[in-house]
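Asker: Take this structure first; my questions come after.
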Amino acid sequence: MKREEKLLLSLLQASLKNEKLTEETISSLNEESLMGVLSLSARHSVTTMIADVLLNNGLLENGELKALYEENLMVSVYQYHQQAMELERVCKLFEENKICYMPLKGSVLRQLYREPWLRTCCDIDILVKPEQLDEAIKLVLACGYSLDKYYSHDVSFFTEGNMRVELHYDLIEEDSNIGNVSDVLKRVWEYARPVEGYTYAYQLENEIFYFYHIAHMVKHFIHGGCGIRSLIDGLLMRQNWDFDTEKLDKLLQDGGIFVFERKTQELVAAWWNNGKMSDVAKMMEAFIFRGGVYGSQRNAIAVEEAENKTKFRNAMSKIFLKTSVMNSYYPILKKKKWLLPFYHVKRWCRLIFMKKDRERSLTYLKENRFFPNEKTKEAMDLLVQLELKEKQD
């Protein structure tokens, strides 16, 4: 583990346990190490937690570095209050118009943190019933939201203040199904319970919410990384929620993500409770640190090349996307499959003529061409040991 990684974990421990920093940690703080931690924490979306610890302990001298940490903290606090207001606004709108709704992800998880603004969120996620989606869309458009895009499992909007709101009508993402996760999540409303004091608000049972969180982690993990923040979320759920252990374990086993979840617990125990770490957990740790909260391109290439077996086949998989992925990008293809060739051409034209997309694609293909074969093997070995992939011949 690198120096800045150890320092990051020490600072996060102080935040999570609300305890003083050790003398060893304090002595390792200097401008170089703090810049390294700032960069690393940003990739894992935990900078606010780090800034809170450093500023409250008076460990930052006046200057550019302190200003960067202070700015992050102020932006996070502001963003939290804005998102909380928008969430309340949408929930009130749905309650008044008899739309069944259920907040998801960060808006729920941040309530487990010492302060809710310590847990950053990119957007506001709300689940509605598929049969009420059209009415829900009309309602949010009528109150000033602008439509962004339809996806395979949600519809994205922007508020007047440019905050993203996603209305989910399904928790299954066609391009990222793992094991039997979809078989569990397609029954999500069976696990929903009414929220006391409301008529149309629902919340998931603890076990299925945790299952969905782990499944979402796996989705990001196999695309390049899931980030430390997700492990902290899981830790806080375990610490603060009551679970029917037998029911939860069965869900995880049925979904095929039981081993992955157990290794996340092993990592957390090793980081913050002096637990031991197996070789598999060490490989997982390195993969997570490299990837950040949304994964890295190098991690993604390693996994994708391992799945496609050769560099050529991996490159071709980026040119001719799977039908399930194309359906995710262009939902109209679900109803009009005959349009698939035309949408392949449309996508290729975008990759050729849009500078940003073209540069990103060329960078991927270049990295894929020269990517070390041993890294590909390491990625596949890890996924096999986590039981996320079957061993290939």
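Letters for chains follow the order of the structure tokens (A, B, ...), residue numbers begin at 1 for each chain, and ligand numbers begin at 1 in the order shown.
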Out of range 206-363 of chain A, which residues get alpha helix (DSSP H) from DSSP, as a PyMOL selection string?
Answerer: chain A and resi 206-221+228-240+245-255+258-272+279-291+297-308+311-319+323-329+340-353+355-363
Asker: For the residues in that selection, give me C-alpha atoms as a tab-separated table (two decimals), in the first residue's frame.
Answerer:
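Output contents, as saved in out.tsv:
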chain	number	residue	atom	x	y	z
A	206	ASN	CA	-32.79	-3.25	5.04
A	207	GLU	CA	-31.73	-6.55	3.50
A	208	ILE	CA	-32.75	-5.68	-0.07
A	209	PHE	CA	-31.38	-2.13	0.18
A	210	TYR	CA	-28.02	-3.56	1.26
A	211	PHE	CA	-28.21	-6.18	-1.50
A	212	TYR	CA	-28.86	-3.46	-4.10
A	213	HIS	CA	-25.93	-1.46	-2.74
A	214	ILE	CA	-23.57	-4.43	-3.10
A	215	ALA	CA	-24.92	-5.21	-6.58
A	216	HIS	CA	-24.31	-1.60	-7.59
A	217	MET	CA	-20.76	-1.86	-6.22
A	218	VAL	CA	-20.19	-4.99	-8.28
A	219	LYS	CA	-21.44	-3.22	-11.40
A	220	HIS	CA	-18.83	-0.49	-10.98
A	221	PHE	CA	-16.16	-2.95	-9.85
A	228	ILE	CA	-13.72	3.52	-1.02
A	229	ARG	CA	-16.91	5.51	-0.42
A	230	SER	CA	-19.03	2.48	-1.31
A	231	LEU	CA	-17.22	0.37	1.29
A	232	ILE	CA	-17.82	3.08	3.90
A	233	ASP	CA	-21.52	3.06	2.99
A	234	GLY	CA	-21.64	-0.69	3.53
A	235	LEU	CA	-19.80	-0.39	6.84
A	236	LEU	CA	-22.25	2.21	8.16
A	237	MET	CA	-25.25	0.13	7.09
A	238	ARG	CA	-23.82	-2.85	8.94
A	239	GLN	CA	-23.20	-0.73	12.04
A	240	ASN	CA	-26.53	1.11	12.14
A	245	THR	CA	-28.68	-12.34	8.63
A	246	GLU	CA	-30.13	-15.53	7.20
A	247	LYS	CA	-32.37	-13.59	4.81
A	248	LEU	CA	-29.55	-11.27	3.73
A	249	ASP	CA	-27.09	-14.10	3.11
A	250	LYS	CA	-29.65	-15.93	0.99
A	251	LEU	CA	-30.24	-12.81	-1.12
A	252	LEU	CA	-26.50	-12.39	-1.66
A	253	GLN	CA	-26.09	-16.08	-2.52
A	254	ASP	CA	-29.10	-16.07	-4.84
A	255	GLY	CA	-27.67	-13.03	-6.62
A	258	PHE	CA	-21.96	-13.36	-1.63
A	259	VAL	CA	-18.18	-13.83	-1.92
A	260	PHE	CA	-17.68	-10.27	-3.17
A	261	GLU	CA	-19.63	-8.89	-0.20
A	262	ARG	CA	-17.63	-10.96	2.29
A	263	LYS	CA	-14.37	-9.64	0.85
A	264	THR	CA	-15.59	-6.05	1.23
A	265	GLN	CA	-16.16	-6.76	4.91
A	266	GLU	CA	-12.69	-8.29	5.14
A	267	LEU	CA	-11.17	-5.14	3.63
A	268	VAL	CA	-13.04	-2.82	5.98
A	269	ALA	CA	-12.04	-4.91	9.00
A	270	ALA	CA	-8.39	-4.83	7.93
A	271	TRP	CA	-8.43	-1.08	7.30
A	272	TRP	CA	-10.16	0.10	10.44
A	279	ASP	CA	-4.36	-12.57	-0.72
A	280	VAL	CA	-7.64	-12.12	-2.61
A	281	ALA	CA	-8.57	-9.13	-0.44
A	282	LYS	CA	-5.12	-7.62	-1.11
A	283	MET	CA	-5.70	-7.95	-4.85
A	284	MET	CA	-9.13	-6.39	-4.41
A	285	GLU	CA	-7.65	-3.54	-2.37
A	286	ALA	CA	-5.11	-2.72	-5.09
A	287	PHE	CA	-7.84	-2.82	-7.77
A	288	ILE	CA	-10.09	-0.48	-5.76
A	289	PHE	CA	-7.33	2.03	-5.03
A	290	ARG	CA	-6.36	2.13	-8.72
A	291	GLY	CA	-9.92	2.56	-9.85
A	297	GLN	CA	-9.68	3.07	-17.79
A	298	ARG	CA	-6.73	0.76	-17.11
A	299	ASN	CA	-8.83	-1.36	-14.74
A	300	ALA	CA	-11.65	-1.41	-17.27
A	301	ILE	CA	-9.32	-2.50	-20.08
A	302	ALA	CA	-7.91	-5.27	-17.89
A	303	VAL	CA	-11.39	-6.68	-17.19
A	304	GLU	CA	-12.74	-6.24	-20.71
A	305	GLU	CA	-9.69	-7.74	-22.39
A	306	ALA	CA	-9.85	-10.68	-20.01
A	307	GLU	CA	-13.49	-11.27	-20.98
A	308	ASN	CA	-12.84	-10.92	-24.72
A	311	LYS	CA	-6.76	-7.44	-27.82
A	312	PHE	CA	-8.35	-7.60	-31.28
A	313	ARG	CA	-11.63	-9.00	-30.00
A	314	ASN	CA	-11.65	-6.42	-27.21
A	315	ALA	CA	-11.15	-3.60	-29.71
A	316	MET	CA	-13.94	-4.97	-31.92
A	317	SER	CA	-16.25	-5.16	-28.89
A	318	LYS	CA	-15.89	-1.37	-28.59
A	319	ILE	CA	-16.74	-0.86	-32.24
A	323	THR	CA	-27.18	-5.40	-28.30
A	324	SER	CA	-27.97	-5.06	-24.59
A	325	VAL	CA	-25.57	-2.10	-24.34
A	326	MET	CA	-27.02	-0.49	-27.47
A	327	ASN	CA	-30.49	-0.92	-25.96
A	328	SER	CA	-29.25	0.91	-22.88
A	329	TYR	CA	-27.91	3.82	-24.95
A	340	LEU	CA	-30.04	-1.55	-34.70
A	341	PRO	CA	-27.77	-1.20	-37.79
A	342	PHE	CA	-28.79	2.44	-38.22
A	343	TYR	CA	-27.99	3.23	-34.58
A	344	HIS	CA	-24.60	1.54	-34.90
A	345	VAL	CA	-23.86	3.94	-37.77
A	346	LYS	CA	-25.21	6.87	-35.75
A	347	ARG	CA	-22.89	5.98	-32.87
A	348	TRP	CA	-19.88	5.61	-35.19
A	349	CYS	CA	-20.58	9.04	-36.71
A	350	ARG	CA	-20.59	10.54	-33.23
A	351	LEU	CA	-17.28	8.86	-32.40
A	352	ILE	CA	-15.75	10.17	-35.64
A	353	PHE	CA	-17.05	13.71	-35.72
A	355	LYS	CA	-13.84	15.61	-30.89
A	356	LYS	CA	-14.23	14.59	-27.24
A	357	ASP	CA	-15.71	11.18	-28.10
A	358	ARG	CA	-13.13	10.61	-30.84
A	359	GLU	CA	-10.18	11.39	-28.56
A	360	ARG	CA	-11.56	9.16	-25.78
A	361	SER	CA	-12.05	6.25	-28.19
A	362	LEU	CA	-8.60	6.61	-29.74
A	363	THR	CA	-7.00	6.76	-26.29
Asker: Mind listing the strand (DSSP E or B) residues of range 98-284 of chain A, per DSSP on the backbone, as number ranges by chain?
Answerer: A: 101-103, 123-128, 146-150, 154-158, 164-168, 192-194, 201-204
Asker: Can you work out which one of A:Thr22, A:Asn62, A:Asp170, A:Tyr202 has the shortest atom-to-atom distance to Phe94 in chain A, counting only C-alpha atoms?
Answerer: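 Residue with the minimum atom-to-atom distance to Phe94 in chain A: A:Tyr202.
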Asker: Out of A:Ile126, A:Ala201, A:Leu11, A:Val165, which residue has the shortest atom-to-atom distance to Lys98 in chain A when counting only C-alpha atoms?
Answerer: A:Ala201
Asker: Residues within 10 Å of Arg164 in chain A, please, as number ranges by chain. Count only C-alpha atoms; anything in the same chain fewer than 5 positions from it doesn't count.
Answerer: A: 83, 86, 122-125, 145-148, 156-159
Asker: Just write the chosen residues, N, CA, C and O atoms, as a JSON list (two decimals), in the first residue's frame.
Answerer:
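What ended up in again29.json:
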[["chain", "number", "residue", "atom", "x", "y", "z"],
["A", 83, "GLN", "N", -29.73, 19.62, -2.70],
["A", 83, "GLN", "CA", -30.30, 18.31, -3.05],
["A", 83, "GLN", "C", -31.41, 17.92, -2.09],
["A", 83, "GLN", "O", -32.42, 17.32, -2.50],
["A", 86, "GLU", "N", -34.50, 19.76, -3.18],
["A", 86, "GLU", "CA", -35.09, 19.20, -4.40],
["A", 86, "GLU", "C", -35.75, 17.85, -4.13],
["A", 86, "GLU", "O", -36.80, 17.55, -4.68],
["A", 122, "CYS", "N", -23.84, 12.66, -6.41],
["A", 122, "CYS", "CA", -23.82, 13.32, -7.71],
["A", 122, "CYS", "C", -25.21, 13.70, -8.17],
["A", 122, "CYS", "O", -25.39, 14.68, -8.90],
["A", 123, "ASP", "N", -26.20, 12.94, -7.76],
["A", 123, "ASP", "CA", -27.56, 13.19, -8.22],
["A", 123, "ASP", "C", -28.56, 12.68, -7.19],
["A", 123, "ASP", "O", -28.20, 12.11, -6.16],
["A", 124, "ILE", "N", -29.82, 12.91, -7.49],
["A", 124, "ILE", "CA", -30.92, 12.46, -6.63],
["A", 124, "ILE", "C", -31.61, 11.29, -7.34],
["A", 124, "ILE", "O", -32.06, 11.43, -8.48],
["A", 125, "ASP", "N", -31.68, 10.15, -6.68],
["A", 125, "ASP", "CA", -32.26, 8.95, -7.28],
["A", 125, "ASP", "C", -33.57, 8.59, -6.59],
["A", 125, "ASP", "O", -33.60, 8.45, -5.36],
["A", 145, "TYR", "N", -38.38, 21.10, -14.50],
["A", 145, "TYR", "CA", -37.22, 20.28, -14.79],
["A", 145, "TYR", "C", -37.07, 20.13, -16.31],
["A", 145, "TYR", "O", -38.05, 20.16, -17.05],
["A", 146, "SER", "N", -35.84, 19.93, -16.78],
["A", 146, "SER", "CA", -35.60, 19.70, -18.20],
["A", 146, "SER", "C", -35.15, 18.25, -18.41],
["A", 146, "SER", "O", -34.35, 17.73, -17.64],
["A", 147, "LEU", "N", -35.68, 17.62, -19.45],
["A", 147, "LEU", "CA", -35.35, 16.24, -19.74],
["A", 147, "LEU", "C", -33.94, 16.13, -20.29],
["A", 147, "LEU", "O", -33.55, 16.88, -21.19],
["A", 148, "ASP", "N", -33.18, 15.19, -19.74],
["A", 148, "ASP", "CA", -31.82, 14.95, -20.21],
["A", 148, "ASP", "C", -31.82, 13.77, -21.18],
["A", 148, "ASP", "O", -31.58, 13.92, -22.36],
["A", 156, "SER", "N", -33.37, 10.68, -16.90],
["A", 156, "SER", "CA", -32.56, 11.69, -16.24],
["A", 156, "SER", "C", -33.08, 13.09, -16.56],
["A", 156, "SER", "O", -33.46, 13.38, -17.70],
["A", 157, "PHE", "N", -33.07, 13.95, -15.53],
["A", 157, "PHE", "CA", -33.53, 15.34, -15.65],
["A", 157, "PHE", "C", -32.51, 16.27, -15.01],
["A", 157, "PHE", "O", -31.69, 15.86, -14.19],
["A", 158, "PHE", "N", -32.60, 17.55, -15.37],
["A", 158, "PHE", "CA", -31.85, 18.59, -14.67],
["A", 158, "PHE", "C", -32.83, 19.59, -14.07],
["A", 158, "PHE", "O", -33.82, 19.97, -14.70],
["A", 159, "THR", "N", -32.54, 20.01, -12.85],
["A", 159, "THR", "CA", -33.36, 21.03, -12.20],
["A", 159, "THR", "C", -32.98, 22.40, -12.76],
["A", 159, "THR", "O", -32.00, 22.53, -13.49]]
Asker: Would you work out the distance separating CA of Lys2 in chain A from CA of Asn18 in chain A, expressed in Å to one decimal?
Answerer: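 It comes out at 24.2 Å.
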Asker: Got a sec: who's within 8 Å of Leu171 in chain A, counting only C-alpha atoms, leaving out chain neighbours fewer than 5 positions off, as a PyMOL selection string?
Answerer: chain A and resi 153+185-186+188
Asker: Go through A:Ala84, A:Cys226, A:Val140, A:Leu204 one by one, measure the shortest atom-to-atom distance of each to Leu104 in chain A using only C-alpha atoms, and give the residue with the smallest value.
Answerer: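 Checking each candidate against Leu104 in chain A, we get A:Leu204 as the closest.
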Asker: Grab the CA of Gln13 in chain A to CA of Tyr78 in chain A distance for me, in Å with one decimal place.
Answerer: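 Those two atoms sit 24.4 Å apart.
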Asker: Record the distance separating CA of Glu32 in chain A and CA of Val77 in chain A, expressed in Å with one decimal.
Answerer: 26.4 Å
